[in-house]
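Coordinates as given in input-v2.txt (compact mmCIF, C-alpha atoms):
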```
# COMPACT_ATOMS: atom_id res chain seq x y z
CA MET A 1 -12.20 -17.47 33.78
CA ARG A 2 -15.05 -15.21 32.75
CA ILE A 3 -17.72 -17.66 33.72
CA LYS A 4 -16.27 -17.97 37.21
CA ARG A 5 -16.43 -14.21 37.78
CA ARG A 6 -20.08 -14.09 36.87
CA ARG A 7 -20.93 -16.62 39.53
CA THR A 8 -19.77 -14.28 42.28
CA LEU A 9 -22.45 -11.74 41.38
CA LYS A 10 -25.32 -11.93 43.88
CA ALA A 11 -28.87 -10.75 43.56
CA VAL A 12 -29.59 -8.29 46.37
CA ILE A 13 -32.82 -6.62 47.35
CA PRO A 14 -32.08 -3.38 49.17
CA THR A 15 -33.61 -3.63 52.61
CA ALA A 16 -32.33 -0.39 54.08
CA SER A 17 -35.21 1.59 52.65
CA MET A 18 -37.79 -0.97 53.73
CA SER A 19 -38.52 0.78 57.02
CA ASP A 20 -38.91 4.08 55.22
CA ILE A 21 -41.52 2.57 52.99
CA ALA A 22 -43.27 0.98 55.95
CA PHE A 23 -43.36 4.30 57.75
CA LEU A 24 -44.61 6.05 54.67
CA LEU A 25 -47.44 3.57 54.39
CA ILE A 26 -48.32 3.85 58.06
CA ILE A 27 -48.34 7.63 57.97
CA PHE A 28 -50.29 7.64 54.73
CA PHE A 29 -53.05 5.47 56.14
CA MET A 30 -53.03 7.35 59.42
CA THR A 31 -53.64 10.67 57.73
CA VAL A 32 -56.05 9.37 55.12
CA THR A 33 -58.29 7.44 57.50
CA VAL A 34 -61.50 9.31 58.14
CA PHE A 35 -63.31 8.27 61.24
CA ARG A 36 -67.03 8.03 61.27
CA LYS A 37 -68.31 11.32 62.53
CA ALA A 38 -70.87 11.27 65.29
CA LYS A 39 -74.08 10.56 63.55
CA GLY A 40 -77.42 11.92 64.55
CA LEU A 41 -78.70 15.31 65.44
CA PRO A 42 -77.19 17.96 67.64
CA ALA A 43 -78.55 17.34 71.09
CA GLN A 44 -77.45 18.75 74.38
CA LEU A 45 -77.94 15.86 76.70
CA PRO A 46 -79.41 16.46 80.14
CA TYR A 47 -77.47 15.87 83.32
CA ALA A 48 -78.35 13.17 85.78
CA LYS A 49 -76.72 11.77 88.91
CA THR A 50 -77.90 8.18 88.82
CA THR A 51 -76.77 7.24 85.32
CA GLU A 52 -75.73 3.70 84.56
CA ARG A 53 -73.22 2.59 82.04
CA ILE A 54 -74.23 0.29 79.23
CA LEU A 55 -71.45 -2.07 78.30
CA LYS A 56 -73.15 -4.05 75.58
CA GLN A 57 -72.70 -1.69 72.70
CA ARG A 58 -74.15 -4.31 70.39
CA ASP A 59 -77.60 -4.13 71.90
CA LEU A 60 -77.88 -0.39 71.58
CA ALA A 61 -79.92 1.46 69.01
CA TYR A 62 -80.03 5.21 68.99
CA ILE A 63 -82.80 7.70 68.53
CA TRP A 64 -81.87 11.34 68.35
CA ILE A 65 -84.30 14.11 69.15
CA SER A 66 -83.13 17.63 68.45
CA LYS A 67 -84.21 20.83 70.13
CA ASP A 68 -86.88 21.55 67.53
CA GLY A 69 -88.42 18.10 67.82
CA LYS A 70 -86.84 16.40 64.81
CA VAL A 71 -86.37 12.68 65.27
CA SER A 72 -83.50 10.81 63.67
CA VAL A 73 -82.84 7.09 63.44
CA ASP A 74 -79.89 5.65 61.52
CA ASP A 75 -79.01 8.98 59.92
CA ASN A 76 -82.52 9.58 58.62
CA ILE A 77 -85.04 12.07 59.85
CA VAL A 78 -88.21 10.11 60.47
CA SER A 79 -91.72 10.55 61.77
CA PRO A 80 -92.85 8.77 64.95
CA LYS A 81 -94.88 6.35 62.85
CA LYS A 82 -91.76 5.37 60.95
CA VAL A 83 -89.93 4.93 64.27
CA ALA A 84 -92.39 2.21 65.22
CA LEU A 85 -91.83 0.45 61.92
CA ILE A 86 -88.04 0.64 62.08
CA PHE A 87 -87.93 -0.56 65.64
CA ARG A 88 -90.26 -3.43 65.06
CA THR A 89 -87.68 -4.92 62.68
CA LYS A 90 -84.85 -4.05 65.01
CA VAL A 91 -86.48 -5.78 67.95
CA SER A 92 -87.24 -8.87 65.90
CA GLU A 93 -83.56 -9.04 64.99
CA ASN A 94 -82.38 -8.51 68.54
CA PRO A 95 -84.91 -9.02 71.34
CA ALA A 96 -82.44 -7.69 73.89
CA LEU A 97 -82.38 -4.32 72.19
CA ILE A 98 -81.92 -1.25 74.34
CA THR A 99 -83.04 1.96 72.72
CA SER A 100 -80.96 4.92 73.70
CA ILE A 101 -82.97 8.10 73.48
CA LYS A 102 -80.61 10.96 72.94
CA ALA A 103 -82.87 13.92 73.33
CA ASP A 104 -81.95 17.55 73.72
CA LYS A 105 -82.67 18.73 77.22
CA ASN A 106 -84.73 21.65 75.97
CA VAL A 107 -87.00 19.71 73.66
CA PRO A 108 -90.67 19.84 74.70
CA TYR A 109 -91.56 16.60 76.44
CA ARG A 110 -94.33 15.97 73.91
CA TYR A 111 -91.81 14.83 71.30
CA VAL A 112 -90.11 12.42 73.65
CA HIS A 113 -93.50 11.07 74.62
CA GLU A 114 -94.39 10.49 70.97
CA VAL A 115 -91.20 8.52 70.46
CA MET A 116 -91.83 6.45 73.57
CA GLU A 117 -95.32 5.66 72.38
CA ALA A 118 -93.90 4.57 69.04
CA LEU A 119 -91.43 2.33 70.84
CA ARG A 120 -94.23 0.78 72.85
CA GLU A 121 -96.04 0.18 69.60
CA ALA A 122 -92.97 -1.60 68.27
CA ASN A 123 -92.57 -3.58 71.50
CA ALA A 124 -89.13 -2.08 72.03
CA LEU A 125 -89.64 -1.68 75.72
CA ARG A 126 -86.15 -1.30 77.08
CA VAL A 127 -85.07 2.28 76.79
CA LEU A 128 -82.26 4.38 78.08
CA PHE A 129 -82.57 8.09 78.57
CA SER A 130 -79.12 9.10 77.57
CA ALA A 131 -77.66 11.56 80.04
CA ARG A 132 -74.38 12.97 81.18
CA ARG A 133 -73.06 12.91 84.69
CA MET B 1 -11.00 -22.65 48.75
CA ALA B 2 -11.34 -22.88 52.53
CA ILE B 3 -10.68 -19.16 52.94
CA PHE B 4 -13.24 -18.31 50.28
CA LYS B 5 -16.00 -20.18 52.09
CA LYS B 6 -15.33 -18.41 55.40
CA VAL B 7 -15.73 -14.98 53.84
CA ARG B 8 -19.09 -15.93 52.45
CA LEU B 9 -20.38 -17.12 55.84
CA ASP B 10 -19.68 -13.72 57.40
CA GLU B 11 -22.19 -12.12 55.12
CA GLU B 12 -25.34 -12.95 56.99
CA ALA B 13 -28.79 -11.68 56.20
CA GLU B 14 -30.05 -9.33 58.90
CA ILE B 15 -33.30 -7.64 59.60
CA PRO B 16 -32.81 -4.26 61.20
CA THR B 17 -34.42 -4.47 64.62
CA ALA B 18 -33.48 -1.06 65.95
CA SER B 19 -36.48 0.66 64.44
CA MET B 20 -38.85 -2.12 65.46
CA ALA B 21 -39.55 -0.45 68.79
CA ASP B 22 -40.40 2.81 67.07
CA ILE B 23 -42.89 1.13 64.84
CA ALA B 24 -44.41 -0.73 67.73
CA PHE B 25 -44.78 2.49 69.70
CA LEU B 26 -46.28 4.25 66.75
CA LEU B 27 -48.87 1.54 66.39
CA ILE B 28 -49.61 1.57 70.11
CA ILE B 29 -50.11 5.32 70.12
CA PHE B 30 -52.20 5.14 66.98
CA PHE B 31 -54.59 2.61 68.45
CA MET B 32 -54.62 4.41 71.80
CA THR B 33 -55.80 7.61 70.22
CA THR B 34 -58.33 6.04 67.91
CA THR B 35 -59.99 3.67 70.36
CA ASN B 36 -63.15 4.98 71.89
CA PHE B 37 -64.56 3.16 74.82
CA ALA B 38 -68.18 2.48 75.49
CA ARG B 39 -69.27 5.73 76.99
CA GLU B 40 -72.97 5.25 76.82
CA ARG B 41 -74.56 6.38 80.05
CA GLY B 42 -78.10 7.07 80.91
CA LEU B 43 -81.16 6.25 82.91
CA LYS B 44 -82.64 2.86 82.25
CA PHE B 45 -86.35 2.48 81.99
CA VAL B 46 -88.68 -0.25 80.83
CA LEU B 47 -91.77 0.93 79.02
CA PRO B 48 -95.11 -0.66 79.78
CA GLU B 49 -96.36 -3.11 77.22
CA LYS B 50 -99.00 -1.92 74.83
CA LYS B 51 -102.15 -4.00 75.05
CA ASP B 52 -105.20 -3.95 72.86
CA GLN B 53 -107.47 -3.76 75.83
CA PRO B 54 -105.83 -1.77 78.54
CA GLN B 55 -106.67 -3.35 81.81
CA GLU B 56 -107.52 -1.14 84.67
CA VAL B 57 -105.71 -1.64 87.88
CA LYS B 58 -107.06 0.13 90.87
CA ILE B 59 -104.40 1.54 93.08
CA LYS B 60 -105.11 3.03 96.44
CA SER B 61 -104.33 6.68 96.53
CA GLU B 62 -102.09 6.21 99.55
CA ASN B 63 -99.90 3.92 97.47
CA LEU B 64 -99.51 6.54 94.81
CA LEU B 65 -97.28 9.53 94.51
CA LYS B 66 -98.00 11.89 91.67
CA ILE B 67 -95.17 14.09 90.57
CA SER B 68 -96.47 16.64 88.11
CA ILE B 69 -94.53 19.16 86.12
CA ASN B 70 -96.41 21.92 84.39
CA ASP B 71 -95.45 23.76 81.21
CA LYS B 72 -93.54 26.37 83.19
CA GLY B 73 -91.46 23.69 84.84
CA GLU B 74 -93.11 24.03 88.22
CA LEU B 75 -93.26 20.96 90.37
CA PHE B 76 -96.24 19.48 92.13
CA LEU B 77 -96.27 16.56 94.54
CA ASN B 78 -99.77 15.11 94.80
CA ASP B 79 -101.17 18.42 93.55
CA GLU B 80 -99.26 20.45 96.11
CA GLU B 81 -96.60 22.77 94.90
CA ALA B 82 -93.10 21.65 95.79
CA ARG B 83 -89.56 22.79 95.30
CA TRP B 84 -87.10 21.02 93.03
CA GLU B 85 -84.36 21.04 95.65
CA ASN B 86 -86.54 19.11 98.07
CA LEU B 87 -87.83 16.55 95.62
CA GLU B 88 -85.34 13.79 96.35
CA ARG B 89 -85.68 14.16 100.11
CA GLU B 90 -89.43 14.33 99.87
CA VAL B 91 -89.64 11.19 97.73
CA LYS B 92 -87.26 9.37 100.05
CA LEU B 93 -89.37 10.26 103.08
CA ARG B 94 -92.51 9.01 101.44
CA LEU B 95 -90.81 5.83 100.30
CA GLU B 96 -89.63 5.14 103.82
CA LYS B 97 -93.17 5.49 105.04
CA ASN B 98 -94.54 3.27 102.31
CA PRO B 99 -92.10 1.05 100.38
CA ASN B 100 -94.86 -0.02 97.98
CA LEU B 101 -95.28 3.48 96.71
CA ILE B 102 -95.86 3.80 93.01
CA ILE B 103 -94.53 6.99 91.56
CA ILE B 104 -96.05 8.62 88.53
CA ILE B 105 -94.12 11.36 86.82
CA ARG B 106 -96.46 13.39 84.67
CA THR B 107 -94.87 16.01 82.53
CA HIS B 108 -96.67 18.65 80.54
CA GLY B 109 -96.19 18.30 76.78
CA ASP B 110 -94.63 21.74 76.53
CA ALA B 111 -92.28 21.37 79.46
CA PRO B 112 -88.63 20.81 78.55
CA TYR B 113 -87.50 17.19 78.63
CA ASP B 114 -84.83 18.16 81.14
CA TYR B 115 -87.42 18.53 83.91
CA MET B 116 -88.66 15.00 83.42
CA ILE B 117 -85.11 13.71 83.59
CA ARG B 118 -84.50 15.73 86.73
CA ALA B 119 -87.59 14.30 88.39
CA PHE B 120 -86.77 10.77 87.24
CA ASP B 121 -83.22 11.16 88.44
CA ALA B 122 -84.38 12.36 91.84
CA VAL B 123 -86.77 9.41 92.15
CA LYS B 124 -84.00 7.00 91.20
CA ALA B 125 -81.64 8.61 93.67
CA ALA B 126 -84.29 8.27 96.35
CA GLY B 127 -84.56 4.58 95.59
CA GLY B 128 -87.89 4.52 93.79
CA LYS B 129 -88.29 1.41 91.68
CA LYS B 130 -91.89 1.51 90.55
CA VAL B 131 -92.01 4.47 88.26
CA SER B 132 -94.47 5.37 85.56
CA LEU B 133 -94.12 8.17 83.06
CA GLY B 134 -97.03 10.13 81.76
CA ILE B 135 -97.91 13.26 79.91
CA ILE B 136 -100.27 16.12 80.71
CA GLY B 137 -102.05 17.74 77.79
CA GLY B 138 -101.47 16.71 74.21
CA GLY B 139 -102.74 13.18 73.97
CA GLY B 140 -101.60 10.76 76.53
```

In structure tokens, what does this structure look like?
Amino acid sequence: MRIKRRRTLKAVIPTASMSDIAFLLIIFFMTVTVFRKAKGLPAQLPYAKTTERILKQRDLAYIWISKDGKVSVDDNIVSPKKVALIFRTKVSENPALITSIKADKNVPYRYVHEVMEALREANALRVLFSARR
Amino acid sequence: MAIFKKVRLDEEAEIPTASMADIAFLLIIFFMTTTNFARERGLKFVLPEKKDQPQEVKIKSENLLKISINDKGELFLNDEEARWENLEREVKLRLEKNPNLIIIIRTHGDAPYDYMIRAFDAVKAAGGKKVSLGIIGGGG
């Protein structure tokens, strides 16, 4: 008789709290995720009417130029000479590279010119003057 | 024994589906808020190639339009002072007269970058395709 009673016992995993756990995990990861902050330098982009949209995000490389003429590539502040070096490797990796120049609208043109010369040196000829509409 | 079996069949395993929609919505909203679309806009330009021996190309002055911006941000069209508001119209007029016009935008090294963009934008809006960028003063 005793053995028979034992057989009726079933192993049960409680599933009622499953959704709670799932939610907890979702909310945990939602709150903990830190998105990559906008890299680069603070730059107030100029306005332009005839801007085009670039859809191929993959081909884009960014150069930031701040108001005081600092140049930043890939989160590093670099000199124009270094820009040429960095972009030479970038162009060899991706010949279809488009360099997006994100320069502050009040920066003296000299600095932008220096960067453009460096890009010519590196044979990174396709550029985009980043602007807002 | 027959009765016993029937009772057991009633106990079916179930996955709660009522909250499924909530989870799906939550995920949708999460991805909606975190997605950022390609928002890269700007003015395209192709730089001239750098050559060891720069070749000289003679261009007739009538095929050339010089747009100069000095350090104070004043505008000159072929060395004549011009107004910013009229630039686009002016360039358009000249392009209509001569579609082969080559436009050179020369900006002073101390002039804010914004002026160059404004001039370039106006030229683009006017339909100018052959554009060259240069610098006045400060090596160029």

With all atoms listed in the file considered, list every residue of chain B at most 6 Å from chain A, as a list in words.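 Result: Glu40, Arg41, Gly42, Leu43, Lys44, Phe45, Val46, Leu47, Lys50, Gly109, Asp110, Ala111, Pro112, Tyr113, Asp114 and Asp121 of chain B.
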
Skip A:Lys82 itself and residues of its chain fewer than 6 positions away, then list as a PyMOL selection string all residues within 10 Å of it, counting only C-alpha atoms. chain A and resi 73+88+118

Between atom CA of A:Ile86 and atom CA of A:Gly40, what is the spacing in Å?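 We find that atom CA of A:Gly40 and atom CA of A:Ile86 lie 15.7 Å from each other.
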
Take atom CA of B:Asn78 and atom CA of B:Lys66 and report the distance between them in Å, one decimal.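 Here the two named atoms are 4.8 Å from each other.
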
Which polymer residues have any atom within 8 Å of an atom of B:Lys92, counting all atoms listed in the file, with same-chain residues fewer than 4 positions away left out, as a list in words?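 Using all atoms listed in the file, the neighbours found are Glu88, Glu96, Val123, Ala126, Gly127 and Gly128 of chain B.
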